[in-house]
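coords.csv (CSV, C-alpha atoms and all ligand atoms) appears below.
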chain,number,residue,atom,x,y,z
A,1,MET,CA,47.8,70.8,0.5
A,2,ASN,CA,44.8,71.5,2.6
A,3,THR,CA,44.0,67.9,3.3
A,4,TYR,CA,44.0,67.9,7.1
A,5,SER,CA,42.7,70.0,9.9
A,6,PRO,CA,45.5,69.6,12.5
A,7,LEU,CA,44.9,70.3,16.2
A,8,PRO,CA,47.0,73.2,17.5
A,9,VAL,CA,49.8,71.1,19.1
A,10,SER,CA,53.1,69.8,17.8
A,11,PHE,CA,55.1,67.1,19.5
A,12,THR,CA,58.9,67.1,19.7
A,13,HIS,CA,59.4,63.6,21.1
A,14,GLY,CA,57.8,60.6,22.6
A,15,GLN,CA,58.6,57.9,25.1
A,16,ALA,CA,56.5,54.7,25.3
A,17,ALA,CA,52.9,55.9,25.8
A,18,GLU,CA,53.7,59.6,26.3
A,19,LEU,CA,54.3,62.5,23.9
A,20,PHE,CA,56.0,65.8,24.8
A,21,THR,CA,55.9,69.3,23.4
A,22,SER,CA,58.8,71.7,23.3
A,23,ASP,CA,57.3,73.8,26.1
A,24,GLY,CA,57.4,70.7,28.4
A,25,ARG,CA,53.8,69.6,28.3
A,26,SER,CA,53.2,65.8,28.3
A,27,PHE,CA,50.3,63.9,26.8
A,28,LEU,CA,49.0,60.4,27.2
A,29,ASP,CA,48.8,58.6,23.9
A,30,GLY,CA,45.5,56.9,23.5
A,31,LEU,CA,45.8,56.7,19.7
A,32,SER,CA,49.3,55.4,18.7
A,33,GLY,CA,49.3,57.6,15.6
A,34,ILE,CA,46.1,55.7,14.6
A,35,ALA,CA,47.2,52.2,15.4
A,36,VAL,CA,50.8,52.7,14.2
A,37,THR,CA,53.1,52.9,17.3
A,38,ASN,CA,51.9,49.7,18.9
A,39,LEU,CA,55.2,49.3,20.7
A,40,GLY,CA,55.1,52.9,21.9
A,41,HIS,CA,57.4,55.8,21.0
A,42,ALA,CA,61.2,55.4,20.9
A,43,HIS,CA,61.1,51.7,21.4
A,44,PRO,CA,64.7,50.7,22.1
A,45,ARG,CA,64.8,47.6,19.9
A,46,VAL,CA,63.3,49.5,16.9
A,47,THR,CA,65.5,52.5,17.4
A,48,ALA,CA,68.6,50.3,17.6
A,49,ALA,CA,67.6,48.4,14.5
A,50,ILE,CA,66.9,51.4,12.3
A,51,THR,CA,69.9,53.3,13.6
A,52,GLU,CA,72.2,50.5,12.7
A,53,GLN,CA,70.5,50.0,9.3
A,54,THR,CA,70.8,53.7,8.4
A,55,SER,CA,74.6,53.5,8.6
A,56,LYS,CA,74.7,50.4,6.4
A,57,LEU,CA,72.1,50.5,3.6
A,58,LEU,CA,68.9,52.5,3.5
A,59,HIS,CA,67.6,51.4,0.2
A,60,CYS,CA,68.2,48.7,-2.4
A,61,SER,CA,66.0,48.0,-5.4
A,62,ASN,CA,63.9,44.9,-5.6
A,63,LEU,CA,66.0,44.3,-8.8
A,64,TYR,CA,68.4,42.6,-6.3
A,65,ARG,CA,67.9,40.1,-3.5
A,66,ILE,CA,67.5,41.8,-0.1
A,67,ASP,CA,68.4,39.3,2.6
A,68,LEU,CA,66.8,41.2,5.4
A,69,GLN,CA,63.5,41.4,3.4
A,70,GLU,CA,63.6,37.6,2.9
A,71,ARG,CA,64.2,37.0,6.6
A,72,VAL,CA,61.4,39.4,7.7
A,73,GLY,CA,59.1,37.9,5.0
A,74,GLU,CA,59.7,34.4,6.3
A,75,GLU,CA,59.1,35.4,9.9
A,76,LEU,CA,55.9,37.4,9.0
A,77,THR,CA,54.4,34.6,6.9
A,78,ARG,CA,55.2,32.1,9.6
A,79,ARG,CA,53.5,34.2,12.3
A,80,ALA,CA,50.5,34.8,9.9
A,81,GLY,CA,50.1,31.2,8.8
A,82,MET,CA,50.6,32.4,5.2
A,83,GLU,CA,53.0,31.3,2.5
A,84,ARG,CA,54.1,34.4,0.6
A,85,VAL,CA,54.3,38.2,1.1
A,86,PHE,CA,54.4,41.2,-1.1
A,87,PHE,CA,55.8,44.3,0.7
A,88,SER,CA,54.2,47.8,0.1
A,89,ASN,CA,54.6,51.1,1.8
A,90,SER,CA,51.1,51.7,3.2
A,91,GLY,CA,47.8,50.0,3.9
A,92,ALA,CA,46.1,51.3,0.8
A,93,GLU,CA,48.9,49.9,-1.3
A,94,ALA,CA,48.7,46.5,0.5
A,95,ASN,CA,45.0,46.5,-0.4
A,96,GLU,CA,45.7,47.4,-4.0
A,97,ALA,CA,48.0,44.4,-4.1
A,98,ALA,CA,45.2,42.2,-2.7
A,99,ILE,CA,42.7,43.5,-5.2
A,100,LYS,CA,45.0,43.0,-8.1
A,101,LEU,CA,45.9,39.5,-6.8
A,102,ALA,CA,42.2,38.6,-6.6
A,103,ARG,CA,41.5,39.9,-10.1
A,104,LEU,CA,44.4,38.1,-11.6
A,105,HIS,CA,43.5,34.9,-9.8
A,106,ALA,CA,40.0,35.2,-11.4
A,107,HIS,CA,41.3,36.0,-14.9
A,108,GLN,CA,43.5,32.9,-14.7
A,109,ARG,CA,40.3,30.9,-14.1
A,110,GLY,CA,38.4,32.4,-17.1
A,111,ILE,CA,36.5,35.2,-15.3
A,112,SER,CA,37.0,38.2,-17.6
A,113,ARG,CA,35.2,40.8,-15.5
A,114,PRO,CA,35.8,39.8,-11.8
A,115,GLN,CA,33.8,41.4,-9.0
A,116,ILE,CA,34.8,41.7,-5.4
A,117,ILE,CA,32.2,41.8,-2.6
A,118,VAL,CA,33.0,44.5,-0.1
A,119,LEU,CA,31.0,45.7,3.0
A,120,GLU,CA,29.2,48.7,4.1
A,121,GLY,CA,31.1,50.7,6.6
A,122,ALA,CA,34.4,49.3,5.3
A,123,PHE,CA,37.6,51.5,5.1
A,124,HIS,CA,40.3,50.2,2.8
A,125,GLY,CA,42.3,53.4,2.1
A,126,ARG,CA,42.4,56.5,-0.1
A,127,THR,CA,44.0,55.3,-3.4
A,128,LEU,CA,41.4,54.9,-6.1
A,129,ALA,CA,40.7,51.2,-6.0
A,130,ALA,CA,41.0,51.1,-2.2
A,131,LEU,CA,38.6,54.1,-2.1
A,132,SER,CA,36.2,52.3,-4.4
A,133,ALA,CA,36.2,49.3,-2.1
A,134,THR,CA,35.6,51.6,0.9
A,135,GLY,CA,32.0,51.7,2.1
A,136,ASN,CA,31.7,55.4,2.9
A,137,SER,CA,30.1,57.7,0.3
A,138,LYS,CA,31.2,60.8,2.1
A,139,ILE,CA,34.9,60.2,1.4
A,140,GLN,CA,34.2,58.9,-2.1
A,141,ALA,CA,32.2,62.0,-3.1
A,142,GLY,CA,33.8,64.1,-5.8
A,143,PHE,CA,36.2,61.4,-7.0
A,144,GLY,CA,34.1,59.5,-9.5
A,145,PRO,CA,34.2,57.6,-11.7
A,146,LEU,CA,35.2,55.1,-9.1
A,147,VAL,CA,36.9,51.8,-10.0
A,148,GLU,CA,34.3,49.3,-11.1
A,149,GLY,CA,34.1,45.7,-10.0
A,150,PHE,CA,32.9,46.0,-6.4
A,151,LEU,CA,29.6,44.7,-5.0
A,152,ARG,CA,28.5,46.0,-1.7
A,153,ALA,CA,26.8,44.1,1.1
A,154,PRO,CA,25.7,45.2,4.6
A,155,ARG,CA,28.0,43.9,7.3
A,156,ASN,CA,27.0,40.7,9.1
A,157,ASP,CA,24.4,40.0,6.4
A,158,LEU,CA,24.9,36.4,5.2
A,159,LYS,CA,21.7,36.5,3.2
A,160,ALA,CA,23.2,39.3,1.1
A,161,LEU,CA,26.2,37.2,0.3
A,162,HIS,CA,24.0,34.3,-0.8
A,163,GLU,CA,22.0,36.6,-3.0
A,164,PHE,CA,25.2,37.8,-4.7
A,165,ALA,CA,26.2,34.2,-5.1
A,166,GLN,CA,23.0,33.4,-6.9
A,167,ARG,CA,22.9,36.5,-9.1
A,168,HIS,CA,26.6,36.7,-10.1
A,169,SER,CA,28.9,34.1,-11.6
A,170,ASP,CA,31.9,36.4,-11.9
A,171,ILE,CA,32.7,36.9,-8.2
A,172,ALA,CA,36.4,36.7,-7.4
A,173,ALA,CA,36.6,37.5,-3.7
A,174,LEU,CA,35.0,38.7,-0.5
A,175,MET,CA,37.1,41.5,1.1
A,176,LEU,CA,36.5,42.7,4.6
A,177,GLU,CA,38.0,44.1,7.8
A,178,PRO,CA,37.2,41.5,10.5
A,179,VAL,CA,37.1,44.4,12.9
A,180,GLN,CA,35.9,47.5,11.1
A,181,GLY,CA,38.0,50.4,12.4
A,182,GLU,CA,37.1,53.7,10.8
A,183,SER,CA,33.4,53.0,11.0
A,184,GLY,CA,33.6,52.9,14.8
A,185,ILE,CA,35.2,49.6,15.9
A,186,HIS,CA,32.8,46.9,14.8
A,187,PRO,CA,34.1,43.4,15.3
A,188,LEU,CA,32.1,41.3,12.8
A,189,ASP,CA,30.0,38.5,14.2
A,190,LEU,CA,32.0,35.3,14.4
A,191,ASP,CA,29.1,33.3,13.1
A,192,TYR,CA,28.9,35.6,10.1
A,193,LEU,CA,32.7,35.3,9.5
A,194,SER,CA,32.6,31.5,9.7
A,195,ALA,CA,29.6,31.2,7.4
A,196,ALA,CA,31.1,33.7,5.0
A,197,ALA,CA,34.4,31.8,4.9
A,198,ALA,CA,32.5,28.5,4.2
A,199,LEU,CA,30.6,30.2,1.4
A,200,CYS,CA,33.9,31.5,-0.1
A,201,LYS,CA,35.3,28.0,0.0
A,202,GLU,CA,32.2,26.5,-1.6
A,203,LYS,CA,32.1,29.1,-4.4
A,204,GLY,CA,35.9,29.3,-5.0
A,205,TRP,CA,36.0,33.0,-3.9
A,206,LEU,CA,39.1,34.3,-2.2
A,207,LEU,CA,38.6,35.5,1.3
A,208,ILE,CA,40.6,38.7,1.9
A,209,PHE,CA,41.0,40.2,5.4
A,210,ASP,CA,42.1,43.8,5.7
A,211,GLU,CA,44.1,43.8,9.0
A,212,VAL,CA,45.8,47.1,8.4
A,213,GLN,CA,44.5,48.4,11.7
A,214,SER,CA,43.7,45.3,13.6
A,215,GLY,CA,47.0,43.5,12.9
A,216,ASN,CA,50.4,43.4,14.5
A,217,GLY,CA,49.3,42.4,18.0
A,218,ARG,CA,46.7,45.1,18.6
A,219,THR,CA,43.8,42.7,19.4
A,220,GLY,CA,45.7,40.1,21.4
A,221,SER,CA,47.1,37.8,18.7
A,222,TYR,CA,49.4,38.7,15.8
A,223,PHE,CA,46.4,39.0,13.5
A,224,TYR,CA,42.8,39.1,14.7
A,225,TYR,CA,41.7,36.0,12.7
A,226,GLN,CA,44.1,33.9,14.8
A,227,GLN,CA,41.6,34.2,17.6
A,228,THR,CA,38.9,32.7,15.4
A,229,SER,CA,38.7,29.4,13.5
A,230,ILE,CA,39.1,31.3,10.1
A,231,THR,CA,42.2,31.8,8.0
A,232,PRO,CA,41.7,34.0,5.0
A,233,ASP,CA,43.4,33.4,1.7
A,234,ILE,CA,44.9,36.9,1.6
A,235,VAL,CA,45.6,39.3,4.5
A,236,SER,CA,46.8,42.9,4.2
A,237,THR,CA,48.5,44.8,6.9
A,238,ALA,CA,50.6,48.0,7.4
A,239,LYS,CA,50.4,50.7,10.2
A,240,ALA,CA,52.1,49.0,13.2
A,241,LEU,CA,54.2,46.6,11.1
A,242,GLY,CA,57.0,49.2,11.1
A,243,ASN,CA,56.0,51.0,14.4
A,244,GLY,CA,56.2,54.3,12.4
A,245,VAL,CA,58.5,53.4,9.5
A,246,PRO,CA,56.2,53.1,6.5
A,247,ILE,CA,55.8,49.5,5.4
A,248,GLY,CA,52.8,47.4,4.4
A,249,ALA,CA,52.3,43.8,3.4
A,250,CYS,CA,49.9,41.7,1.4
A,251,LEU,CA,50.2,38.0,2.5
A,252,ALA,CA,48.7,35.0,0.8
A,253,ARG,CA,48.4,31.2,1.1
A,254,GLY,CA,47.3,28.4,-1.2
A,255,GLU,CA,46.5,29.2,-4.8
A,256,ALA,CA,46.5,32.9,-4.1
A,257,ALA,CA,50.1,32.7,-3.0
A,258,GLN,CA,51.0,31.2,-6.4
A,259,THR,CA,49.2,33.9,-8.5
A,260,PHE,CA,51.7,36.7,-9.0
A,261,ALA,CA,54.7,36.1,-11.3
A,262,PRO,CA,57.5,38.5,-12.1
A,263,GLY,CA,56.2,41.7,-13.7
A,264,HIS,CA,52.7,41.4,-12.3
A,265,HIS,CA,53.2,43.9,-9.5
A,266,GLY,CA,56.0,46.0,-7.9
A,267,SER,CA,57.0,48.9,-5.8
A,268,THR,CA,60.2,51.0,-5.7
A,269,TYR,CA,60.4,51.3,-1.9
A,270,GLY,CA,58.3,48.3,-0.9
A,271,GLY,CA,60.3,46.1,1.6
A,272,ASN,CA,63.5,48.2,1.4
A,273,PRO,CA,66.2,47.5,4.0
A,274,LEU,CA,65.3,50.4,6.3
A,275,ALA,CA,61.6,49.4,6.4
A,276,CYS,CA,62.5,45.8,6.9
A,277,ALA,CA,64.9,46.6,9.7
A,278,ALA,CA,62.0,48.3,11.5
A,279,ALA,CA,59.5,45.4,10.8
A,280,GLY,CA,62.1,42.8,11.9
A,281,ALA,CA,62.5,44.7,15.2
A,282,VAL,CA,58.8,44.9,15.7
A,283,LEU,CA,58.3,41.1,15.1
A,284,GLU,CA,61.2,40.4,17.5
A,285,SER,CA,59.9,42.7,20.2
A,286,LEU,CA,56.4,41.4,20.0
A,287,ALA,CA,57.7,37.8,20.6
A,288,ALA,CA,60.4,38.7,23.1
A,289,GLU,CA,58.3,41.0,25.3
A,290,GLN,CA,55.0,39.1,24.8
A,291,LEU,CA,53.4,42.4,24.1
A,292,GLN,CA,50.3,41.2,22.4
A,293,GLU,CA,49.4,39.5,25.7
A,294,ARG,CA,48.8,43.1,27.0
A,295,ALA,CA,46.0,43.9,24.5
A,296,GLN,CA,43.0,42.1,26.2
A,297,PRO,CA,43.7,42.9,29.9
A,298,LEU,CA,44.7,46.5,29.2
A,299,GLY,CA,41.7,47.1,26.9
A,300,GLN,CA,39.4,45.7,29.6
A,301,LEU,CA,41.1,47.9,32.3
A,302,ILE,CA,40.7,51.1,30.2
A,303,GLU,CA,37.1,50.3,29.4
A,304,SER,CA,36.1,49.4,33.0
A,305,SER,CA,37.9,52.5,34.4
A,306,PHE,CA,35.9,54.6,32.0
A,307,ARG,CA,32.6,52.9,32.7
A,308,GLN,CA,33.1,53.2,36.5
A,309,ALA,CA,34.0,56.8,36.4
A,310,LEU,CA,31.0,57.7,34.1
A,311,ASN,CA,28.4,55.4,35.6
A,312,HIS,CA,26.3,58.3,36.9
A,313,GLN,CA,25.7,59.5,33.3
A,314,ASP,CA,23.5,57.8,30.7
A,315,ALA,CA,25.7,58.9,27.8
A,316,VAL,CA,26.9,55.7,26.1
A,317,SER,CA,24.9,53.7,23.7
A,318,GLN,CA,27.4,50.9,23.1
A,319,TYR,CA,30.9,49.7,24.1
A,320,ARG,CA,32.6,47.7,21.4
A,321,ARG,CA,36.1,46.3,21.7
A,322,ALA,CA,38.6,43.8,20.3
A,323,GLY,CA,41.7,44.0,22.5
A,324,LEU,CA,43.1,47.5,22.2
A,325,MET,CA,40.7,48.6,19.5
A,326,ILE,CA,38.2,50.3,21.8
A,327,GLY,CA,35.0,52.0,20.5
A,328,ILE,CA,32.7,53.9,22.9
A,329,GLU,CA,29.6,55.0,21.0
A,330,LEU,CA,27.8,57.9,22.6
A,331,LYS,CA,24.2,58.9,22.1
A,332,HIS,CA,25.2,62.2,20.5
A,333,ASP,CA,27.8,63.5,18.0
A,334,CYS,CA,30.9,64.1,20.0
A,335,GLY,CA,33.7,65.3,17.6
A,336,ALA,CA,34.2,68.3,20.1
A,337,LEU,CA,35.7,65.8,22.6
A,338,VAL,CA,38.9,65.4,20.7
A,339,ALA,CA,40.0,69.0,21.4
A,340,GLN,CA,38.7,68.9,25.0
A,341,ALA,CA,40.6,65.6,25.7
A,342,LEU,CA,43.7,67.2,24.3
A,343,GLU,CA,43.3,70.1,26.8
A,344,ALA,CA,43.2,67.4,29.5
A,345,GLY,CA,46.4,65.9,28.2
A,346,LEU,CA,44.9,62.9,26.2
A,347,LEU,CA,45.2,61.9,22.6
A,348,ILE,CA,42.0,60.3,21.4
A,349,ASN,CA,39.9,60.1,18.3
A,350,VAL,CA,36.3,60.3,17.4
A,351,THR,CA,35.1,58.4,14.3
A,352,ALA,CA,31.7,58.0,12.6
A,353,GLY,CA,30.4,61.1,14.3
A,354,ARG,CA,29.7,59.7,17.8
A,355,THR,CA,32.2,56.9,18.5
A,356,ILE,CA,35.2,57.6,20.7
A,357,ARG,CA,38.0,55.5,19.3
A,358,LEU,CA,40.9,54.5,21.5
A,359,LEU,CA,44.0,52.7,20.1
A,360,PRO,CA,46.6,52.9,22.8
A,361,PRO,CA,50.0,51.3,22.5
A,362,LEU,CA,50.6,47.8,23.9
A,363,VAL,CA,53.3,49.2,26.2
A,364,MET,CA,50.9,51.4,28.1
A,365,THR,CA,51.1,50.6,31.9
A,366,ASP,CA,48.1,49.7,34.0
A,367,ASP,CA,48.4,53.1,35.8
A,368,GLN,CA,48.3,54.9,32.5
A,369,GLY,CA,45.4,52.8,31.3
A,370,ARG,CA,43.4,53.7,34.4
A,371,GLN,CA,44.4,57.3,33.9
A,372,LEU,CA,43.3,57.2,30.3
A,373,GLY,CA,39.9,55.7,31.2
A,374,GLU,CA,39.2,58.0,34.2
A,375,THR,CA,40.4,61.3,32.6
A,376,LEU,CA,38.5,60.5,29.5
A,377,ALA,CA,35.3,59.9,31.6
A,378,SER,CA,35.8,63.3,33.3
A,379,VAL,CA,36.2,65.0,29.9
A,380,VAL,CA,33.0,63.4,28.7
A,381,ASP,CA,31.2,64.2,32.0
A,382,HIS,CA,32.3,67.9,31.7
A,383,TRP,CA,31.2,68.0,28.1
A,384,LEU,CA,27.8,66.5,28.9
A,385,THR,CA,27.1,69.0,31.6
A,386,SER,CA,28.4,72.0,29.8
A,387,GLU,CA,26.8,71.3,26.4
A,388,ALA,CA,23.4,73.0,26.4
A,389,GLY,CA,20.5,70.7,26.1
A,390,ILE,CA,22.4,67.5,26.2
A,391,ALA,CA,22.8,66.6,29.9
A,401,LIG,C1,41.5,48.9,7.8
A,401,LIG,C2,42.3,49.9,7.1
A,401,LIG,N1,42.7,49.6,5.8
A,401,LIG,C3,43.4,50.5,5.1
A,401,LIG,C4,43.9,51.6,5.6
A,401,LIG,C5,44.7,52.6,4.8
A,401,LIG,O1,46.0,52.6,5.3
A,401,LIG,P1,47.0,53.7,4.8
A,401,LIG,O2,46.5,55.0,5.4
A,401,LIG,O3,48.4,53.2,5.4
A,401,LIG,O4,47.0,53.7,3.3
A,401,LIG,C6,43.5,52.0,6.9
A,401,LIG,C7,43.9,53.3,7.5
A,401,LIG,O5,43.3,53.8,8.4
A,401,LIG,C8,42.7,51.1,7.7
A,401,LIG,O6,42.3,51.4,8.9

Go through the file and emit its structure as C-alpha cells.
Amino acid sequence: MNTYSPLPVSFTHGQAAELFTSDGRSFLDGLSGIAVTNLGHAHPRVTAAITEQTSKLLHCSNLYRIDLQERVGEELTRRAGMERVFFSNSGAEANEAAIKLARLHAHQRGISRPQIIVLEGAFHGRTLAALSATGNSKIQAGFGPLVEGFLRAPRNDLKALHEFAQRHSDIAALMLEPVQGESGIHPLDLDYLSAAAALCKEKGWLLIFDEVQSGNGRTGSYFYYQQTSITPDIVSTAKALGNGVPIGACLARGEAAQTFAPGHHGSTYGGNPLACAAAGAVLESLAAEQLQERAQPLGQLIESSFRQALNHQDAVSQYRRAGLMIGIELKHDCGALVAQALEAGLLINVTAGRTIRLLPPLVMTDDQGRQLGETLASVVDHWLTSEAGIA
C-alpha cells in the first residue's frame, strides 16, 4: 500500500557501514536502517548464526520449549538487570506487551480503569495502543477513536507528574523513552528521570522505559538507563536486537516480572529459533567485540567533524547526542537534505522537520565517521547557500 515515499535508490548488498547498488555505487550508512543494523551489514557472526539455524529449524511454536529462546532470554535479562522477558517481533509489539502488563498489574491491585502517563514528543509505534501512547497528533490523525487510558505530560516536567499524582488515583505506570528518538533525539534530563523514578516508587506506579531505539549498545551501554542510576520496572526493545532479523522484547523485574501467567499474552513468531539465533549472535558480538565502547567516541568524532567543517555557518540551533544517537537541529526545516545527502553518498534522516538524525552503526571506522561528519557539513553548506533567502 501507499504507506511510504521511498527515495529513488535500491541497495543490493551491504558490508559493515557501507551499502551498494547494482550499478556499483556505494553509500555510507549514517542511519543503520533506523537504528537496526547496529553491528553493520553482513556481520559475520550474525550471518553464520542465522545461516546455521536456517538449515536446522526456522520456526517452532511457543507451545513447545525452545532451548535457544531460553538461553537468549537468560543472557538478555542478565545484561539488562531484569528477571523475565517476553519476545515479540517488533518495537510496537514490545510496547503493547508493556502496556498490557502495566494494566494487568494495576487490575490485580484493584484499579479497574488504569491510566498510563506518557510524554509529549514520545514515539512508541504504529499499532493502536502504541499509537495512542505516542505524543504526535500528526500521526494519530484519522485513526480515532484512540485507545483510552493515557495521560500526557510535557517532557522534563516534574510538576506535571505531581499534578497527575494528586488528581488521579488510578495511575498504573509512567512510560517514556529515556532518549526520545523520533521527536529529534532528546535525552531526558537526568534529574527529571531520577525524580520521576522516585515518584513512581512512592506511588506504586510501574516505570516503563521504551529503549526500542536507544537499546542494544547504541548509546554506549547495553541499555541507556545503565549509564544512569535508574532501573525501570519494565523495558521494551527491538530494532537492533536482531540486527535486521525482526525480534522485540519486553523485559521486567520485581512484581512486574511476576504479572503475566499462561494465557495472558502471546505471539506466533515471537522468539522463534531464527530470530533468537540472530539475537544470540548480536549479544555475543557486542560482548566479544566490545562494540558498545565505540558509541561515545565515534559519536563525538562525527559531531566534532561536522561542527568544524560547518563552523563558518550559523545554521545549527542545537546539538543533542547520546552515544550514536545524534541530533543536529537546524534553524530551518531541512527535509530536503535527505535527498541531497543521498546524492553525496550518505544515508541520513531528518525528523521533526528540522533535526538531522544520525544513527550510524557501531562498526563504523573513525575514517568513515570523519567522512560522514565532513560530507554532511558540505551538503548542509551547499544547501544553505543555494536555498534562496536562507543563507
Ligand atoms: C522508541 C521507539 N519505540 C517504538 C518504535 C516502534 O518500533 P517498530 O517500528 O519496530 O514497531 C520505534 C520505531 O521507530 C521507536 O523508535

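Take atom CA of A:Leu101 and atom CA of A:His162: the distance between them is 23.3 Å.
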
Per-residue nearest contacts chain A to ligand LIG 401 (chain A), cut-off 10 Å, using all atoms listed in the file, as a Markdown table:
| residue | atom | partner | partner_atom | distance |
| --- | --- | --- | --- | --- |
| A:Ile34 | CA | A:LIG401 | O5 | 7.1 |
| A:Ala35 | CA | A:LIG401 | O5 | 8.2 |
| A:Val36 | CA | A:LIG401 | O3 | 9.1 |
| A:Ser88 | CA | A:LIG401 | O3 | 9.5 |
| A:Asn89 | CA | A:LIG401 | O3 | 7.5 |
| A:Ser90 | CA | A:LIG401 | O3 | 3.8 |
| A:Gly91 | CA | A:LIG401 | O1 | 3.5 |
| A:Ala92 | CA | A:LIG401 | O4 | 3.6 |
| A:Glu93 | CA | A:LIG401 | O4 | 6.3 |
| A:Ala94 | CA | A:LIG401 | O4 | 7.9 |
| A:Asn95 | CA | A:LIG401 | C3 | 7.0 |
| A:Glu96 | CA | A:LIG401 | O4 | 9.7 |
| A:Ala122 | CA | A:LIG401 | C1 | 7.5 |
| A:Phe123 | CA | A:LIG401 | C2 | 5.4 |
| A:His124 | CA | A:LIG401 | C3 | 3.9 |
| A:Gly125 | CA | A:LIG401 | C5 | 3.7 |
| A:Arg126 | CA | A:LIG401 | O4 | 6.4 |
| A:Thr127 | CA | A:LIG401 | O4 | 7.5 |
| A:Ala130 | CA | A:LIG401 | C3 | 7.7 |
| A:Leu131 | CA | A:LIG401 | C5 | 9.3 |
| A:Thr134 | CA | A:LIG401 | N1 | 8.9 |
| A:Leu176 | CA | A:LIG401 | C1 | 8.6 |
| A:Glu177 | CA | A:LIG401 | C1 | 5.9 |
| A:Pro178 | CA | A:LIG401 | C1 | 9.0 |
| A:Val179 | CA | A:LIG401 | C1 | 8.1 |
| A:Gln180 | CA | A:LIG401 | C1 | 6.6 |
| A:Gly181 | CA | A:LIG401 | O6 | 5.6 |
| A:Glu182 | CA | A:LIG401 | O6 | 6.0 |
| A:Ser183 | CA | A:LIG401 | O6 | 9.3 |
| A:Phe209 | CA | A:LIG401 | C1 | 9.0 |
| A:Asp210 | CA | A:LIG401 | C1 | 5.5 |
| A:Glu211 | CA | A:LIG401 | C1 | 5.8 |
| A:Val212 | CA | A:LIG401 | C2 | 4.7 |
| A:Gln213 | CA | A:LIG401 | O6 | 4.7 |
| A:Ser214 | CA | A:LIG401 | C1 | 7.2 |
| A:Gly215 | CA | A:LIG401 | C1 | 9.2 |
| A:Ser236 | CA | A:LIG401 | N1 | 8.0 |
| A:Thr237 | CA | A:LIG401 | N1 | 7.6 |
| A:Ala238 | CA | A:LIG401 | O3 | 6.0 |
| A:Lys239 | CA | A:LIG401 | O3 | 5.8 |
| A:Ala240 | CA | A:LIG401 | O3 | 9.6 |
| A:Pro246 | CA | A:LIG401 | O3 | 7.9 |
| A:Ile247 | CA | A:LIG401 | O3 | 8.3 |
| A:Gly248 | CA | A:LIG401 | O3 | 7.3 |

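Distance annotation: of A:Gly81, A:Ala165, A:Trp205, A:Ser5, the residue with the minimal separation from A:Ile230 is A:Gly81; atom set is only C-alpha atoms.
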
key: Length of the atom CA of A:Ala261 to atom CA of A:Phe86 vector [Å]   = 11.4 Å

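We find atom CA of A:Ile116 and atom CA of A:Met175 to be spaced 6.9 Å apart.
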
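Neighbouring residues of A:Ile356 at 6 Å or closer, counting only C-alpha atoms and skipping chain neighbours under 6 positions away, are A:Gly327, A:Ile328, A:Asn349, A:Val350.
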
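Here the question is which of A:Gln292, A:Thr54, A:Leu384, A:Gly149 gets nearest to A:Asp314 using only C-alpha atoms, and that residue is A:Leu384.
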
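Of the listed residues (A:Gly144, A:Pro273, A:Pro360, A:Gly369), A:Pro273 comes nearest to A:Leu58; the distances count all atoms listed in the file.
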
task = Counting all atoms listed in the file, find the residues whose atoms lie at most 7 Å from (61.5, 57.1, 23.6) (file coordinates) and write them out as an NGL selection string.
result = :A and (14-16 or 41-43)

note = Of A:Leu207, A:Pro154, A:Leu188, A:Leu274, the one nearest to A:Ile171 when counting only C-alpha atoms is A:Leu207

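Nearest-residue note for A:Leu376: choosing from A:Gly345, A:Gly220, A:Pro297, A:Gly263, the minimum distance belongs to A:Gly345, counting only C-alpha atoms.
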
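Distances to A:Glu74 were evaluated for A:Leu359, A:Val118, A:Cys276, A:Ala377 using only C-alpha atoms, and the minimum falls at A:Cys276.
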
Cut-off 12 Å around (33.5, 30.8, 4.6) with all atoms listed in the file: residues as a count of residues only = 30

query = Could you pull the residues within 7 Å of A:Val147, counting all atoms listed in the file, minus those fewer than 4 positions along the same chain, as a list in words?
reply = Leu128, Ala129 and Ser132 of chain A
